[in-house]
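Heads up, the thing below is written out as structure tokens.
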Amino acid sequence: MTHGSGSGAPLDLGFLGFERGAHLLVRRALSAVEVGGRITVTGGDPALGVHLRAWARRQGHGFAAVGERTATWDLVRGSAETDRWAGAERAGGPRANGIVARPPAHWGLAARGALVEAGGPDGRFDLDDRDVVWADLAPRLYAHAAAAQWDPATAVDWDASADVPADVEAAVVQVMTYLVENEQAALVVPAGLLARVHPHFREVQQLLAVQAADEARHMEVFTRRALLHGGQMGTSSAGGRSSLATLLAEPDFSLATFLLSVLGEGSFLALLAFLERHAPDPVTARITHLARVDEARHVAFGVAHLEHQGNIDPSLRGKLRGAIERRHDALADTAGLNADVFDSLVVLAAGSWTPAAIARGHDAVQELHHAMDDGRRQRLARLGFPPDEAAELSALHTRNFM
């Protein structure tokens, strides 16, 4: 209500001064009257009148001392506060069903659902289209990812004893070195995309952040396993690094997700299952199992995102095919999988150096290749590729697995 020339709504501050929060009570009392309405403030703090006058001037409110009464002042609510929020808008809704298709740049870092004051700076987030980054599965996947985090110090029994022959241990070290190299690329890609996603799509940001954290944890445990018995890290091939460099060079969100998560990490699901099955010691089995659970979540988001994209973009399959072919052509002159890694996988599956064991190990690695190919075909089929085209594209995937 608006007050006339008489006393306004009373506010007694007691001995509370502005240096101890009196402005909060004054602001609350003013918010209860309309613009032009009046409140009457009384208080015993010696500096209250001076502070009240200065505060009212800064906030755009009228101020007057009540002449016939001591330690009493009238404030008339000004329009500065309401004028400040003229043109403000809600940044969608706080929940996933409140997402808008194209959040404006000036929403920037505002929380989704917040009232956004006009005039703020534009954010520099180029991935600002719901249909470019979203997947309906993202909120559930993030909730699962947050609940499934594990601590390398407690989730793995690093003291688990195992008598691993020196040659087999060398094979483990080489494979762990290779895994670290690939996981570093798998961290950099989502971390780079994360910095470009508009915060309005916070579930995608959160999921990418956890994905990067997963890869950081994998790098830790694979490195720790490689050094567990005092050895040095294995070799890193130029061809392997060239293969991973093509992942880092892909700027498109969907294509980067496709190459890394659907094809690369999808192939790694089979590799990690192979390593768990043929692990010569409990530590190797445990860390590859834990990493595989994390990687399955990354693959699930990639597939869900691309299924969402495919429903709205009929040209998506052509873009995915083009990405595979470009990467294949870029790597045509490279050696592919590090020969040391291939041989180490054979040794791990063989378990010994008899001719029969090596033959079994070699056959097991060939079966691994078939399992990777079969997984890629299945995921490509989910994205709408017919069986013959899925087989053709799977065959073009890098020999470096990732």
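Starting from 1 in every chain, residues are counted up; chains themselves are A, B, ... following the order of the structure tokens, and ligands are numbered from 1 as listed.
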
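Within 6 Å of Val35 of chain A, once only C-alpha atoms are used and residues closer than 4 positions along the same chain are dropped, the contacting residues are Arg77, Gly78 and Ser79 of chain A.
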
So that I have them on file, write out the residues from the current selection with N, CA, C and O atoms, as a PDB file, in the first residue's frame.
ATOM      1  N   ARG A  77      10.022   4.689  -0.493  1.00  0.00           N
ATOM      2  CA  ARG A  77      10.602   3.735  -1.446  1.00  0.00           C
ATOM      3  C   ARG A  77      10.678   4.341  -2.839  1.00  0.00           C
ATOM      4  O   ARG A  77       9.693   4.826  -3.395  1.00  0.00           O
ATOM      5  N   GLY A  78      11.900   4.319  -3.406  1.00  0.00           N
ATOM      6  CA  GLY A  78      12.109   4.791  -4.766  1.00  0.00           C
ATOM      7  C   GLY A  78      11.948   3.659  -5.782  1.00  0.00           C
ATOM      8  O   GLY A  78      11.703   2.501  -5.431  1.00  0.00           O
ATOM      9  N   SER A  79      12.113   3.988  -7.034  1.00  0.00           N
ATOM     10  CA  SER A  79      11.889   3.009  -8.109  1.00  0.00           C
ATOM     11  C   SER A  79      13.174   2.383  -8.621  1.00  0.00           C
ATOM     12  O   SER A  79      13.151   1.582  -9.565  1.00  0.00           O
TER      13      SER A  79
END

As a ChimeraX atom specification, please: every residue in segment 165-392 of chain A that DSSP puts in alpha helix (DSSP H). /A:166-194,202-226,238-248,253-257,266-278,282-312,316-330,339-350,355-382,387-392

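Using only C-alpha atoms, the contacts of segment 282-290 of chain A at a cut-off of 7 Å, with sequence neighbours closer than 6 positions omitted, comprise Val156, Asp157, Trp158, Ala160, Val221, Leu272, Leu275 and Glu276 of chain A.
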
Where does segment 258-302 of chain A meet segment 193-209 of chain A within 10 Å, residue by residue, with the nearest atom pair and distance in Å to one decimal for each, counting only C-alpha atoms, listed by chain and rising number, as CSV?
residue,atom,partner,partner_atom,distance
A:Arg297,CA,A:Leu207,CA,9.7
A:His298,CA,A:Leu207,CA,8.8
A:Phe301,CA,A:Leu207,CA,8.7

Requested write-out: N, CA and C atoms of the selected residues, as a PDB file, in the first residue's frame:
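Contents of result-v9.pdb, freshly written:
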ATOM      1  N   ARG A 297      29.906 -45.929 -19.475  1.00  0.00           N
ATOM      2  CA  ARG A 297      29.071 -44.734 -19.288  1.00  0.00           C
ATOM      3  C   ARG A 297      29.396 -43.689 -20.350  1.00  0.00           C
ATOM      4  N   HIS A 298      30.676 -43.522 -20.672  1.00  0.00           N
ATOM      5  CA  HIS A 298      31.067 -42.564 -21.698  1.00  0.00           C
ATOM      6  C   HIS A 298      30.470 -42.963 -23.049  1.00  0.00           C
ATOM      7  N   PHE A 301      26.683 -42.198 -23.233  1.00  0.00           N
ATOM      8  CA  PHE A 301      26.352 -40.805 -23.537  1.00  0.00           C
ATOM      9  C   PHE A 301      26.580 -40.510 -25.006  1.00  0.00           C
TER      10      PHE A 301
END

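For Ser236 of chain A, the non-local neighbours within 8 Å, defined as residues at least 4 positions apart in the same chain or in other chains and counting only C-alpha atoms, are A:Thr177, A:Tyr178, A:Glu181, A:Gly240, A:Arg241, A:Asn338.
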
In terms of only C-alpha atoms, the residue from A:Gly302, A:Pro121, A:Gly239, A:Gly384 at minimal distance from Pro314 of chain A is A:Gly384

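Using only C-alpha atoms, the nearest neighbour of Ala335 of chain A within the list A:Ser261, A:Gln309, A:Thr398, A:Ser352 is A:Thr398.
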
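Interatomic distance, atom CA of Ile312 of chain A against atom CA of Asp136 of chain A: 13.5 Å.
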
Record the distance separating atom CA of Ala54 of chain A and atom CA of Ile39 of chain A, expressed in Å with one decimal. 16.4 Å

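Distance check against Asp163 of chain A using only C-alpha atoms: of A:Pro103, A:Gly87, A:Pro280, A:Gly60, the minimum falls on A:Pro280.
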